[in-house]
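Q: After the structure tokens below, expect a handful of questions from me.
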Amino acid sequence: MENQYLFCTKEVRAVIRFFNFQNISPTEIHRKITEVYGPQVISRKSVSVWCTKFNSGRESVEDEAKSGGPISTSTAETIDAVEKLLRSDRRLKIREMATQLDLPKTTVHEIVHEKLNFRKVCARWVPKMLTADHKTKRMRISIEHLNRARNDESFLDHLITGDETWVHYSTPYNKRDSMTWKHPESPVPKKFKQTISSKKVMATVFWDAQGILLIEFLSKNETINADRYIETLKKLKEKICFKRRGQLRSGNVKLLYDNATPHSAGKTKAWLEKYKWEVLEHPPYSPDLAPSDFFFVWSVKKTLRRNSFSK
């Protein structure tokens with residue numbers, strides 16, 4: 001049941017106390033107050049409650065402190081304690097920190113989010129933890145490639161990159177692709193869970209700044225090894241001769257791809273040296289520095305999500 005006397009203003013309470021000290025009945029006090037402040041200011045029952053409080057010795061017209069309400073304990077010492085605990089273990093939950101520090105959860109939540117500006121996020125997935133040597137090599141190779149591009153205007157024009165990737169016969173839309181506009185009064189759209197098709201084919205794609213040079217699909221039950229990769233390079237050589245006339249004769253073929261076993265095998269290196277194709281150095285465990293992994297494959301697969309294939 002709602003306690004209506006809580007809505008009574010301090011001024012009205014003071015008037016009730018004044019009339020009560022004159023031994024005026026609650027009914028008469030209520031009549032006098034409503035004549036001045038209006039009938040909605042306080043109920044007859046609330047006037048009676050306050051008269052009883054004043055008759056019992058209460059003098060203050062202020063609200064009494066309520067037990068169980070939020071208590072602000074965000075002092076500098078408390079904030080430092082929460083921050084120290086949070087930095088010692090960033091996976092702690094608000095409830096766990098509140099228990100260890102003997103603080104209300106609301107206080108810890110306020111300190112973490114509003115005072116310290118922390119927010120909880122998921123860790124970013126990376127394929128491999130790089131060592132200091134890996135990071136140094138990444139920096140060196142990246143700077144070398146960047147300097148060559150700055151000093152040679154034709155460097156990127158002669159650069160050819162490529163990679164292998166699985167292409168599924170059917171790839172469902174992800175959550176972002178299936179987002180739709182919704183009005184507040186519209187029902188929530190539903191999307192049934194789908195899985196990626198088990199049927200897939202391995203595709204090898206080579207491209208440069210001007211476009212696609214070669215797309216080759218691996219036959220069923222066929223694997224990529226050094227000999228098979230060399231056959232692909234031979235087809236790439238024919239495409240370069242046809243689509244980029246003069247590039248083979250000038251000896252300006254530069255390849256950039258990752259360090260997969262077929263790419264770095266001895267047979268593959270010997271074939272590339274025979275035709276004087278330059279293979280740019282690629283740091284280990286760095287798919288983000290291979291153009292196909294970083295940009296091309298992702299863009300192609302995003303487009304393929306809109307299509308299904310039967311053969």
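Ordered as shown in the structure tokens, chains take letters A, B, and onward, while each chain numbers its residues from 1 and ligands are numbered from 1 in the order shown.
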Once you count only C-alpha atoms, what closest atom pair and distance in Å to one decimal does each residue of segment 81-198 of chain A within 8 Å of segment 293-309 of chain A have, with rows by chain and rising residue number, as a Markdown table?
A:
```
| residue | atom | partner | partner_atom | distance |
| --- | --- | --- | --- | --- |
| A:Asp163 | CA | A:Asp293 | CA | 7.6 |
| A:Thr165 | CA | A:Val297 | CA | 7.4 |
| A:Val167 | CA | A:Lys301 | CA | 7.7 |
| A:Tyr169 | CA | A:Phe309 | CA | 4.9 |
| A:Ser170 | CA | A:Ser308 | CA | 4.6 |
| A:Thr171 | CA | A:Arg305 | CA | 5.0 |
| A:Pro172 | CA | A:Arg305 | CA | 5.9 |
| A:Tyr173 | CA | A:Arg305 | CA | 5.8 |
```
Q: With only C-alpha atoms as the atoms that count, which of A:Cys241, A:Val205, A:Leu233, A:Val126 lies nearest to Thr161 of chain A?
A: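 Smallest separation from Thr161 of chain A among the options: A:Val205.
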Q: One number please: atom CA of Lys220 of chain A to atom CA of Ser292 of chain A, in Å, one decimal.
A: 23.3 Å
Q: Using atom CA of Ile141 of chain A and atom CA of Lys234 of chain A as the two end points, give the distance in Å to one decimal.
A: 27.6 Å
Q: Need to verify the contact set: segment 47-58 of chain A, 12 Å, only C-alpha atoms, exclusion of same-chain residues closer than 2 positions in sequence. Can you return it as a PDB file with N, CA, C and O atoms, in the first residue's frame?
A:
```pdb
ATOM      1  N   ASN A   3       2.377   4.730   0.831  1.00  0.00           N
ATOM      2  CA  ASN A   3       2.380   5.643   1.971  1.00  0.00           C
ATOM      3  C   ASN A   3       2.246   7.066   1.457  1.00  0.00           C
ATOM      4  O   ASN A   3       3.213   7.683   1.019  1.00  0.00           O
ATOM      5  N   GLN A   4       1.036   7.586   1.532  1.00  0.00           N
ATOM      6  CA  GLN A   4       0.777   8.870   0.901  1.00  0.00           C
ATOM      7  C   GLN A   4       1.483  10.016   1.612  1.00  0.00           C
ATOM      8  O   GLN A   4       1.763  11.049   1.012  1.00  0.00           O
ATOM      9  N   TYR A   5       1.788   9.824   2.901  1.00  0.00           N
ATOM     10  CA  TYR A   5       2.402  10.945   3.622  1.00  0.00           C
ATOM     11  C   TYR A   5       3.795  11.239   3.113  1.00  0.00           C
ATOM     12  O   TYR A   5       4.358  12.322   3.359  1.00  0.00           O
ATOM     13  N   LEU A   6       4.399  10.310   2.347  1.00  0.00           N
ATOM     14  CA  LEU A   6       5.735  10.555   1.819  1.00  0.00           C
ATOM     15  C   LEU A   6       5.711  11.636   0.750  1.00  0.00           C
ATOM     16  O   LEU A   6       6.737  12.246   0.455  1.00  0.00           O
ATOM     17  N   PHE A   7       4.545  11.882   0.155  1.00  0.00           N
ATOM     18  CA  PHE A   7       4.440  12.897  -0.879  1.00  0.00           C
ATOM     19  C   PHE A   7       4.153  14.284  -0.296  1.00  0.00           C
ATOM     20  O   PHE A   7       4.031  15.253  -1.018  1.00  0.00           O
ATOM     21  N   CYS A   8       4.003  14.355   0.991  1.00  0.00           N
ATOM     22  CA  CYS A   8       3.714  15.630   1.647  1.00  0.00           C
ATOM     23  C   CYS A   8       4.961  16.501   1.680  1.00  0.00           C
ATOM     24  O   CYS A   8       6.035  16.047   2.041  1.00  0.00           O
ATOM     25  N   THR A   9       4.828  17.779   1.323  1.00  0.00           N
ATOM     26  CA  THR A   9       5.975  18.668   1.323  1.00  0.00           C
ATOM     27  C   THR A   9       6.337  19.092   2.741  1.00  0.00           C
ATOM     28  O   THR A   9       5.530  18.978   3.678  1.00  0.00           O
ATOM     29  N   LYS A  10       7.563  19.590   2.898  1.00  0.00           N
ATOM     30  CA  LYS A  10       8.022  20.027   4.215  1.00  0.00           C
ATOM     31  C   LYS A  10       7.152  21.175   4.736  1.00  0.00           C
ATOM     32  O   LYS A  10       6.876  21.273   5.939  1.00  0.00           O
ATOM     33  N   VAL A  12       3.939  21.761   4.166  1.00  0.00           N
ATOM     34  CA  VAL A  12       2.661  21.250   4.667  1.00  0.00           C
ATOM     35  C   VAL A  12       2.859  20.530   5.995  1.00  0.00           C
ATOM     36  O   VAL A  12       2.037  20.643   6.917  1.00  0.00           O
ATOM     37  N   ARG A  13       3.956  19.808   6.133  1.00  0.00           N
ATOM     38  CA  ARG A  13       4.231  19.119   7.387  1.00  0.00           C
ATOM     39  C   ARG A  13       4.391  20.129   8.537  1.00  0.00           C
ATOM     40  O   ARG A  13       3.942  19.897   9.669  1.00  0.00           O
ATOM     41  N   ALA A  14       5.058  21.240   8.208  1.00  0.00           N
ATOM     42  CA  ALA A  14       5.242  22.267   9.241  1.00  0.00           C
ATOM     43  C   ALA A  14       3.891  22.869   9.664  1.00  0.00           C
ATOM     44  O   ALA A  14       3.672  23.165  10.852  1.00  0.00           O
ATOM     45  N   VAL A  15       2.979  23.021   8.693  1.00  0.00           N
ATOM     46  CA  VAL A  15       1.639  23.540   9.007  1.00  0.00           C
ATOM     47  C   VAL A  15       0.892  22.546   9.896  1.00  0.00           C
ATOM     48  O   VAL A  15       0.223  22.926  10.864  1.00  0.00           O
ATOM     49  N   ILE A  16       1.027  21.253   9.578  1.00  0.00           N
ATOM     50  CA  ILE A  16       0.375  20.221  10.392  1.00  0.00           C
ATOM     51  C   ILE A  16       0.907  20.270  11.822  1.00  0.00           C
ATOM     52  O   ILE A  16       0.142  20.192  12.807  1.00  0.00           O
ATOM     53  N   ARG A  17       2.217  20.409  11.968  1.00  0.00           N
ATOM     54  CA  ARG A  17       2.813  20.465  13.304  1.00  0.00           C
ATOM     55  C   ARG A  17       2.309  21.675  14.071  1.00  0.00           C
ATOM     56  O   ARG A  17       2.008  21.599  15.271  1.00  0.00           O
ATOM     57  N   PHE A  18       2.193  22.838  13.387  1.00  0.00           N
ATOM     58  CA  PHE A  18       1.735  24.065  14.036  1.00  0.00           C
ATOM     59  C   PHE A  18       0.303  23.906  14.565  1.00  0.00           C
ATOM     60  O   PHE A  18       0.012  24.196  15.715  1.00  0.00           O
ATOM     61  N   PHE A  19      -0.601  23.400  13.692  1.00  0.00           N
ATOM     62  CA  PHE A  19      -1.991  23.223  14.123  1.00  0.00           C
ATOM     63  C   PHE A  19      -2.120  22.113  15.176  1.00  0.00           C
ATOM     64  O   PHE A  19      -2.964  22.180  16.078  1.00  0.00           O
ATOM     65  N   ASN A  20      -1.304  21.105  15.069  1.00  0.00           N
ATOM     66  CA  ASN A  20      -1.377  19.996  16.039  1.00  0.00           C
ATOM     67  C   ASN A  20      -0.994  20.467  17.432  1.00  0.00           C
ATOM     68  O   ASN A  20      -1.578  20.028  18.428  1.00  0.00           O
ATOM     69  N   PHE A  21      -0.012  21.377  17.509  1.00  0.00           N
ATOM     70  CA  PHE A  21       0.384  21.921  18.814  1.00  0.00           C
ATOM     71  C   PHE A  21      -0.747  22.759  19.427  1.00  0.00           C
ATOM     72  O   PHE A  21      -0.780  23.005  20.635  1.00  0.00           O
ATOM     73  N   GLN A  22      -1.684  23.241  18.573  1.00  0.00           N
ATOM     74  CA  GLN A  22      -2.844  24.001  19.061  1.00  0.00           C
ATOM     75  C   GLN A  22      -4.023  23.081  19.390  1.00  0.00           C
ATOM     76  O   GLN A  22      -5.133  23.563  19.636  1.00  0.00           O
ATOM     77  N   ASN A  23      -3.759  21.765  19.382  1.00  0.00           N
ATOM     78  CA  ASN A  23      -4.773  20.761  19.717  1.00  0.00           C
ATOM     79  C   ASN A  23      -5.971  20.785  18.768  1.00  0.00           C
ATOM     80  O   ASN A  23      -7.108  20.553  19.165  1.00  0.00           O
ATOM     81  N   ILE A  24      -5.699  21.088  17.500  1.00  0.00           N
ATOM     82  CA  ILE A  24      -6.745  21.038  16.473  1.00  0.00           C
ATOM     83  C   ILE A  24      -6.799  19.608  15.941  1.00  0.00           C
ATOM     84  O   ILE A  24      -5.779  18.966  15.705  1.00  0.00           O
ATOM     85  N   SER A  25      -7.964  19.114  15.696  1.00  0.00           N
ATOM     86  CA  SER A  25      -8.135  17.724  15.254  1.00  0.00           C
ATOM     87  C   SER A  25      -7.578  17.532  13.839  1.00  0.00           C
ATOM     88  O   SER A  25      -7.538  18.480  13.042  1.00  0.00           O
ATOM     89  N   PRO A  26      -7.145  16.305  13.517  1.00  0.00           N
ATOM     90  CA  PRO A  26      -6.640  16.034  12.159  1.00  0.00           C
ATOM     91  C   PRO A  26      -7.655  16.362  11.068  1.00  0.00           C
ATOM     92  O   PRO A  26      -7.268  16.839   9.999  1.00  0.00           O
ATOM     93  N   THR A  27      -8.919  16.106  11.328  1.00  0.00           N
ATOM     94  CA  THR A  27      -9.944  16.412  10.316  1.00  0.00           C
ATOM     95  C   THR A  27      -9.992  17.901  10.014  1.00  0.00           C
ATOM     96  O   THR A  27     -10.068  18.318   8.840  1.00  0.00           O
ATOM     97  N   GLU A  28      -9.950  18.732  11.083  1.00  0.00           N
ATOM     98  CA  GLU A  28      -9.981  20.181  10.892  1.00  0.00           C
ATOM     99  C   GLU A  28      -8.707  20.669  10.237  1.00  0.00           C
ATOM    100  O   GLU A  28      -8.734  21.580   9.395  1.00  0.00           O
ATOM    101  N   ILE A  29      -7.561  20.069  10.618  1.00  0.00           N
ATOM    102  CA  ILE A  29      -6.279  20.462   9.991  1.00  0.00           C
ATOM    103  C   ILE A  29      -6.338  20.167   8.493  1.00  0.00           C
ATOM    104  O   ILE A  29      -5.906  20.985   7.663  1.00  0.00           O
ATOM    105  N   HIS A  30      -6.859  19.023   8.143  1.00  0.00           N
ATOM    106  CA  HIS A  30      -6.946  18.648   6.731  1.00  0.00           C
ATOM    107  C   HIS A  30      -7.833  19.621   5.968  1.00  0.00           C
ATOM    108  O   HIS A  30      -7.533  20.014   4.830  1.00  0.00           O
ATOM    109  N   ARG A  31      -8.949  20.050   6.596  1.00  0.00           N
ATOM    110  CA  ARG A  31      -9.843  20.990   5.940  1.00  0.00           C
ATOM    111  C   ARG A  31      -9.162  22.315   5.690  1.00  0.00           C
ATOM    112  O   ARG A  31      -9.259  22.895   4.605  1.00  0.00           O
ATOM    113  N   LYS A  32      -8.425  22.821   6.693  1.00  0.00           N
ATOM    114  CA  LYS A  32      -7.733  24.108   6.548  1.00  0.00           C
ATOM    115  C   LYS A  32      -6.657  24.049   5.464  1.00  0.00           C
ATOM    116  O   LYS A  32      -6.486  24.980   4.674  1.00  0.00           O
ATOM    117  N   ILE A  33      -5.895  22.930   5.462  1.00  0.00           N
ATOM    118  CA  ILE A  33      -4.799  22.804   4.484  1.00  0.00           C
ATOM    119  C   ILE A  33      -5.347  22.735   3.061  1.00  0.00           C
ATOM    120  O   ILE A  33      -4.835  23.394   2.144  1.00  0.00           O
ATOM    121  N   THR A  34      -6.399  21.953   2.860  1.00  0.00           N
ATOM    122  CA  THR A  34      -6.929  21.803   1.501  1.00  0.00           C
ATOM    123  C   THR A  34      -7.586  23.083   0.997  1.00  0.00           C
ATOM    124  O   THR A  34      -7.664  23.299  -0.220  1.00  0.00           O
ATOM    125  N   VAL A  41      -3.225  18.032  -2.198  1.00  0.00           N
ATOM    126  CA  VAL A  41      -1.919  18.198  -1.564  1.00  0.00           C
ATOM    127  C   VAL A  41      -1.625  17.077  -0.577  1.00  0.00           C
ATOM    128  O   VAL A  41      -0.495  16.611  -0.447  1.00  0.00           O
ATOM    129  N   ILE A  42      -2.636  16.612   0.181  1.00  0.00           N
ATOM    130  CA  ILE A  42      -2.420  15.570   1.173  1.00  0.00           C
ATOM    131  C   ILE A  42      -3.774  14.969   1.543  1.00  0.00           C
ATOM    132  O   ILE A  42      -4.811  15.637   1.477  1.00  0.00           O
ATOM    133  N   SER A  43      -3.765  13.703   1.889  1.00  0.00           N
ATOM    134  CA  SER A  43      -5.014  13.033   2.243  1.00  0.00           C
ATOM    135  C   SER A  43      -5.311  13.195   3.741  1.00  0.00           C
ATOM    136  O   SER A  43      -4.424  13.543   4.540  1.00  0.00           O
ATOM    137  N   ARG A  44      -6.560  12.939   4.103  1.00  0.00           N
ATOM    138  CA  ARG A  44      -6.963  12.986   5.516  1.00  0.00           C
ATOM    139  C   ARG A  44      -6.170  11.969   6.332  1.00  0.00           C
ATOM    140  O   ARG A  44      -5.739  12.256   7.465  1.00  0.00           O
ATOM    141  N   LYS A  45      -5.936  10.800   5.784  1.00  0.00           N
ATOM    142  CA  LYS A  45      -5.189   9.768   6.505  1.00  0.00           C
ATOM    143  C   LYS A  45      -3.743  10.185   6.744  1.00  0.00           C
ATOM    144  O   LYS A  45      -3.181   9.957   7.826  1.00  0.00           O
ATOM    145  N   SER A  60      11.063  16.943  13.796  1.00  0.00           N
ATOM    146  CA  SER A  60      11.560  17.214  12.438  1.00  0.00           C
ATOM    147  C   SER A  60      10.495  16.938  11.396  1.00  0.00           C
ATOM    148  O   SER A  60       9.682  16.025  11.517  1.00  0.00           O
ATOM    149  N   VAL A  61      10.505  17.770  10.342  1.00  0.00           N
ATOM    150  CA  VAL A  61       9.612  17.546   9.199  1.00  0.00           C
ATOM    151  C   VAL A  61      10.368  16.939   8.013  1.00  0.00           C
ATOM    152  O   VAL A  61       9.800  16.798   6.921  1.00  0.00           O
ATOM    153  N   GLU A  62      11.645  16.599   8.255  1.00  0.00           N
ATOM    154  CA  GLU A  62      12.465  15.991   7.207  1.00  0.00           C
ATOM    155  C   GLU A  62      12.158  14.493   7.121  1.00  0.00           C
ATOM    156  O   GLU A  62      11.708  13.870   8.081  1.00  0.00           O
ATOM    157  N   ASP A  63      12.462  13.896   5.929  1.00  0.00           N
ATOM    158  CA  ASP A  63      12.322  12.450   5.773  1.00  0.00           C
ATOM    159  C   ASP A  63      13.417  11.748   6.563  1.00  0.00           C
ATOM    160  O   ASP A  63      14.579  12.189   6.581  1.00  0.00           O
ATOM    161  N   GLU A  64      13.078  10.655   7.174  1.00  0.00           N
ATOM    162  CA  GLU A  64      14.060   9.886   7.916  1.00  0.00           C
ATOM    163  C   GLU A  64      14.897   9.051   6.950  1.00  0.00           C
ATOM    164  O   GLU A  64      14.434   8.649   5.876  1.00  0.00           O
TER     165      GLU A  64
END
```
Q: Taking only segment 227-288 of chain A into account, list the residues labelled helix (DSSP H, G or I) by DSSP (computed from the backbone), as JSON, numbers by chain.
A: {"A": [227, 228, 229, 230, 231, 232, 233, 234, 235, 236, 237, 238, 239, 240, 241, 242, 243, 261, 262, 263, 264, 266, 267, 268, 269, 270, 271, 272, 273, 274, 287, 288]}
Q: Mind pulling up the distance from atom CA of Ile94 of chain A to atom CA of Val112 of chain A?
A: 8.4 Å
Q: With only C-alpha atoms as the counted atoms, please give the residues lying no more than 12 Å from His109 of chain A, apart from itself and same-chain residues fewer than 5 positions off, as a ChimeraX atom specification.
A: /A:72-74,79,82-83,86,93-98,103-104,114-120
Q: Residues within 12 Å of Asp227 of chain A, please, as number ranges by chain. Count only C-alpha atoms; anything in the same chain fewer than 3 positions from it doesn't count.
A: A: 222-224, 230-234, 261-271
Q: What's around Ile240 of chain A at 10 Å? Count only C-alpha atoms, leave out sequence neighbours fewer than 4 positions away in its own chain, and write the answer as an mmCIF file with N, CA, C and O atoms, in the first residue's frame.
A:
```cif
data_model
loop_
_atom_site.group_PDB
_atom_site.id
_atom_site.type_symbol
_atom_site.label_atom_id
_atom_site.label_comp_id
_atom_site.auth_asym_id
_atom_site.auth_seq_id
_atom_site.Cartn_x
_atom_site.Cartn_y
_atom_site.Cartn_z
ATOM 1 N N ILE A 160 52.223 -9.319 -57.838
ATOM 2 C CA ILE A 160 51.179 -10.329 -57.996
ATOM 3 C C ILE A 160 51.062 -11.101 -56.680
ATOM 4 O O ILE A 160 52.067 -11.506 -56.100
ATOM 5 N N LEU A 213 44.004 -12.534 -62.339
ATOM 6 C CA LEU A 213 44.848 -13.162 -63.347
ATOM 7 C C LEU A 213 44.473 -14.627 -63.551
ATOM 8 O O LEU A 213 44.382 -15.103 -64.685
ATOM 9 N N LEU A 214 44.253 -15.342 -62.451
ATOM 10 C CA LEU A 214 43.993 -16.778 -62.561
ATOM 11 C C LEU A 214 43.083 -17.229 -61.426
ATOM 12 O O LEU A 214 43.294 -16.858 -60.260
ATOM 13 N N LYS A 234 52.619 -22.514 -63.667
ATOM 14 C CA LYS A 234 52.754 -22.538 -65.124
ATOM 15 C C LYS A 234 51.537 -21.892 -65.792
ATOM 16 O O LYS A 234 51.668 -21.144 -66.772
ATOM 17 N N LYS A 235 50.346 -22.211 -65.250
ATOM 18 C CA LYS A 235 49.131 -21.583 -65.785
ATOM 19 C C LYS A 235 49.138 -20.083 -65.527
ATOM 20 O O LYS A 235 48.685 -19.291 -66.357
ATOM 21 N N LEU A 236 49.662 -19.682 -64.346
ATOM 22 C CA LEU A 236 49.767 -18.255 -64.037
ATOM 23 C C LEU A 236 50.700 -17.571 -65.025
ATOM 24 O O LEU A 236 50.431 -16.446 -65.474
ATOM 25 N N ARG A 244 49.097 -9.456 -69.308
ATOM 26 C CA ARG A 244 50.045 -8.395 -68.941
ATOM 27 C C ARG A 244 51.246 -8.473 -69.884
ATOM 28 O O ARG A 244 52.358 -8.847 -69.495
ATOM 29 N N ARG A 245 51.003 -8.140 -71.101
ATOM 30 C CA ARG A 245 52.037 -8.277 -72.133
ATOM 31 C C ARG A 245 53.275 -7.448 -71.793
ATOM 32 O O ARG A 245 53.172 -6.291 -71.424
ATOM 33 N N GLY A 246 54.440 -8.067 -71.935
ATOM 34 C CA GLY A 246 55.706 -7.382 -71.684
ATOM 35 C C GLY A 246 56.232 -7.545 -70.274
ATOM 36 O O GLY A 246 57.409 -7.294 -70.024
ATOM 37 N N GLN A 247 55.364 -7.959 -69.351
ATOM 38 C CA GLN A 247 55.815 -8.059 -67.966
ATOM 39 C C GLN A 247 56.793 -9.215 -67.775
ATOM 40 O O GLN A 247 57.765 -9.099 -67.026
ATOM 41 N N LEU A 248 56.589 -10.325 -68.472
ATOM 42 C CA LEU A 248 57.510 -11.455 -68.362
ATOM 43 C C LEU A 248 58.862 -11.123 -68.974
ATOM 44 O O LEU A 248 59.916 -11.456 -68.416
ATOM 45 N N VAL A 253 58.255 -9.583 -62.553
ATOM 46 C CA VAL A 253 57.229 -10.344 -61.858
ATOM 47 C C VAL A 253 57.635 -10.485 -60.390
ATOM 48 O O VAL A 253 58.673 -11.061 -60.079
#
```
Q: Quick check for you: according to DSSP on this backbone, which residues of segment 189-248 of chain A are classed as strand (DSSP E)? Reply as a ChimeraX atom specification.
A: /A:200-208,211-217
Q: Generate the output file for the selected residues, C-alpha atoms, as a short mmCIF file (atom, residue, chain, number, x, y, z; two decimals), in the first residue's frame.
A:
```
data_model
loop_
_atom_site.label_atom_id
_atom_site.label_comp_id
_atom_site.auth_asym_id
_atom_site.auth_seq_id
_atom_site.Cartn_x
_atom_site.Cartn_y
_atom_site.Cartn_z
CA LYS A 200 33.39 -27.47 -50.79
CA VAL A 201 36.13 -27.02 -53.34
CA MET A 202 39.64 -25.58 -53.04
CA ALA A 203 40.18 -22.46 -55.15
CA THR A 204 43.52 -20.86 -56.02
CA VAL A 205 43.34 -17.20 -56.99
CA PHE A 206 46.10 -14.92 -58.28
CA TRP A 207 45.51 -11.21 -58.83
CA ASP A 208 47.29 -7.87 -59.11
CA GLY A 211 42.37 -7.44 -61.50
CA ILE A 212 42.14 -11.22 -61.51
CA LEU A 213 44.85 -13.16 -63.35
CA LEU A 214 43.99 -16.78 -62.56
CA ILE A 215 41.25 -18.72 -60.81
CA GLU A 216 41.77 -22.47 -60.55
CA PHE A 217 39.64 -25.04 -58.75
#
```
Q: Here is a test: counting only C-alpha atoms, which residue of A:Met179, A:Ala260, A:Cys122, A:Ala76 is nearest to Ala290 of chain A?
A: A:Ala260
Q: Which residue gives the smallest distance to Phe155 of chain A among A:Val36, A:Ala81, A:Leu256, A:Leu101, with only C-alpha atoms counted?
A: A:Leu256
Q: Considering only C-alpha atoms, state which residue in the set A:His158, A:Arg176, A:Lys239, A:His183 is at the smallest distance from Val279 of chain A.
A: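 The answer is A:His158, which sits nearest to Val279 of chain A.
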